[in-house]
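Reviewing the structure listed below.
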Amino acid sequence: MPGQGAQYRAMGTGLYRDLPAFAAAIDEVFQLMGTEGDELRSDWLADEPALPMDDVRRSQPLLFAIDYALGSLLISMGLRPAVLLGHSIGELAAAVVARVFDLGGAVRVLRHRVDQLAEAPSGGMVAVAASRAELAPHLRPGVDIGAINAPRQTVIAGADGPLRITCDALGEAGFTWARVCSLTPFHSAVLQPTVDAARGLLATVPMRPPEIGLVSGYTSRRLTDAEAVDPLYWASHPVAPVLFWPALSALLAEGPRLLVECGPSQGLTTLARRHRDVRTGRSLVLSLIGSPETGPDAEAAHFTAAAARLGLAL
Amino acid sequence: MRQITLSELQDIMRECAGEDEAAMPLEQAADQPFDELGYDSLALLETRSRIKRDLGVEISEDEFDGVKTLRELVDVVNARLRAS
């Protein structure tokens with residue numbers, strides 16, 4: 001389940017319009033968000049949204065909602081996933097599907113996080129075509145490793161100033177980099193102030209051990225029962241790096257898989273295609289919505305074809 | 001006159017992406033869309049940069065966006081090398 005970076009304008013709106021079962025699932029999320037949920041839905045469906053999709057107030061809840069709705073829909077169609085893996089906010093959606101949180105509890109966590117992040121210093125995230133080791137000497141104070149996406153794709157994050165200085169230094173040193181679409185420096189120490197407040201909130205949200213296996217993007221191994229119910233585990237997500245590649249590798253090491261990108265875009269399946277297990281055909285990948293190029297009108301057909309490959313029909 | 005082969009270009013791209021060895025036969029990989037080989041926009045940006053650095057061939061962003069497969073990229077690079 002993808003997180004920040006996977007969002008794009010009008011993502012999932014075709015499914016909303018054309019698949020009542022998807023609309024019903026995602027409407028559950030909007031409903032739990034009250035009037036904010038109505039605003040979110042309207043802006044999502046609008047021809048000219050008031051807030052850009054990259055704004056944390058749009059990208060985070062919508063990515064969560066779409067990831068959750070797709071997961072919930074597949075399960076209602078009869079899918080029994082062997083294991084779940086979420087990238088950043090995707091892990092919160094995965095946690096609901098795994099029944100660690102009920103939807104209402106997760107939405108409270110999400111809303112609190114978005115409120116906190118909207119107040120955070122602005123900054124960004126940059127994907128660099130380099131390994132963590134290659135990058136390390138060039139990181140300036142105030143910039144942290146935000147994600148390990150692949151052996152030569154590391155995301156760095158930080159407030160605007162330090163991030164710009166670091167990118168200049170990386171450019172000078174011959175590295176290729178590109179901004180990840182985010183106006184917030186996720187997975188960096190800049191967001192540390194959100195952790196304590198989130199911990200307080202999470203202490204009031206019911207949590208249970210997962211009923212479907214979850215590989216943690218933060219520990220890069222199976223989420224333990226103790227971690228699943230630990231407020232500090234969930235509260236730390238905005239400051240801890242997403243170890244996607246190690247988590248993916250751990251998941252694939254367990255056995256051959258069909259990896260389903262349960263959310264917008266094909267970012268995670270594209271990364272997964274670099275893994276030896278996928279390149280050799282031992283494990284396969286499949287996306288549910290497609291990419292920005294797919295376009296809303298083709299989303300329902302794409303989803304239906306993907307579901308058919310999973311042996312599911314609406 | 002310098003020309004690159006599909007195999008050489010594949011090696012460049014695999015190094016950019018950090019893959020240790022090719023798993024798909026080259027003839028099959030040559031015509032696959034880049035994203036199906038695991039090469040996202042960042043990997044392509046890096047490849048474009050390496051081609052400039054190692055072969056002295058500069059391909060504009062627009063022209064690069066129009067290239068979808070290894071085979072197409074080899075053709076573009078070799079045409080440039082022949083012209084220079």
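Residue names in the structure tokens use chain letters A, B, ... in the order shown, residue numbers from 1 in each chain, and ligand numbers from 1 in the order shown.
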Segment 45-61 of chain B surroundings by only C-alpha atoms, 10 Å radius, close-in-sequence under 6 positions cut, as a list in words: Val128, Ala129, Ala130, Gly174, Phe175, Thr176, Trp177 and Ala178 of chain A; Arg2, Gln3, Ile4, Leu9, Ile12, Met13, Arg14, Glu15, Cys16, Ala17, Tyr39, Leu73, Val76, Val77, Asn78, Arg80, Leu81 and Ser84 of chain B
Sorted by chain and rising residue number, which residues of chain B lie within 7 Å of chain A, and what are their closest atom pairs and distances in Å to one decimal, counting only C-alpha atoms, as a Markdown table?
```
| residue | atom | partner | partner_atom | distance |
| --- | --- | --- | --- | --- |
| B:Ala17 | CA | A:Arg152 | CA | 5.7 |
| B:Gly18 | CA | A:Arg152 | CA | 5.2 |
| B:Glu19 | CA | A:Arg274 | CA | 6.8 |
| B:Ala23 | CA | A:Thr280 | CA | 5.4 |
| B:Met24 | CA | A:Arg279 | CA | 6.8 |
| B:Asp35 | CA | A:Thr270 | CA | 5.8 |
| B:Glu36 | CA | A:Thr270 | CA | 6.7 |
| B:Leu37 | CA | A:Arg273 | CA | 6.1 |
| B:Gly38 | CA | A:Arg273 | CA | 4.5 |
| B:Tyr39 | CA | A:Thr270 | CA | 6.8 |
| B:Asp40 | CA | A:Thr270 | CA | 6.6 |
| B:Leu42 | CA | A:Ala178 | CA | 6.6 |
| B:Ala43 | CA | A:Ala129 | CA | 6.7 |
| B:Leu45 | CA | A:Thr176 | CA | 6.9 |
| B:Glu46 | CA | A:Thr176 | CA | 5.5 |
```
Keeping only C-alpha atoms, write the selected residues to a file as a CSV table (one decimal), in the first residue's frame.
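Wrote it out as result_8.csv, contents follow:
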```csv
chain,number,residue,atom,x,y,z
B,17,ALA,CA,19.4,0.8,-10.8
B,18,GLY,CA,21.8,-1.1,-8.6
B,19,GLU,CA,21.0,-4.6,-10.0
B,23,ALA,CA,17.6,-11.9,-15.1
B,24,MET,CA,15.6,-11.6,-18.4
B,35,ASP,CA,8.8,0.6,-16.0
B,36,GLU,CA,8.2,-3.2,-16.5
B,37,LEU,CA,12.0,-3.6,-16.1
B,38,GLY,CA,11.8,-1.6,-12.8
B,39,TYR,CA,13.2,1.6,-14.2
B,40,ASP,CA,11.2,4.6,-12.9
B,42,LEU,CA,14.6,8.6,-11.4
B,43,ALA,CA,16.5,5.6,-12.9
B,45,LEU,CA,17.2,10.5,-15.2
B,46,GLU,CA,20.3,8.8,-13.9
```
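Each of A:Val83, A:Leu258, A:Leu202, A:Ala226 was checked against Val107 of chain A using only C-alpha atoms; the smallest atom-to-atom distance is that of A:Leu202.
We find atom CA of Glu39 of chain A and atom CA of His112 of chain A to be spaced 16.8 Å apart.
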Contacts of Gly124 of chain A within 7 Å, only C-alpha atoms, excl. fewer than 4 positions in-chain, as a PyMOL selection string: chain A and resi 157-160+182-185
Alpha helix (DSSP H) call set, DSSP backbone run, chain B, as a ChimeraX atom specification: /B:6-17,26-29,41-55,61-65,70-83
Neighbour list for Ala23 of chain A as a PyMOL selection string, cut-off 12 Å, only C-alpha atoms, skip fewer than 5 positions in-chain: chain A and resi 12-18+28-31+41+65-66+68-70+72-73+300
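In terms of minimum interatomic distance to Arg80 of chain A, A:Gly213 ranks closest within A:Gly255, A:Gln60, A:Gly213, A:Ala247, counting only C-alpha atoms.
As for atom CA of Leu223 of chain A and atom CA of Leu191 of chain A, they are spaced 23.1 Å apart.
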Strand (DSSP E) per DSSP on the backbone: members of segment 96-248 of chain A, as a PyMOL selection string: chain A and resi 123-128+143-150+153-159+177-180+213-215
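Picture a line from atom CA of Arg221 of chain A to atom CA of Ala25 of chain A; it runs 29.0 Å.
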Contacts of Glu27 of chain B at 12 Å (only C-alpha atoms; same-chain gap of 6+ positions) as a list in words: Thr5, Leu6, Ser7, Gln10, Thr69, Leu70 and Arg71 of chain B
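When only C-alpha atoms are used to measure the gap to Asp196 of chain A, the shortest distance among A:Pro256, A:Gly217, A:Gly290, A:Pro231 belongs to A:Pro231.
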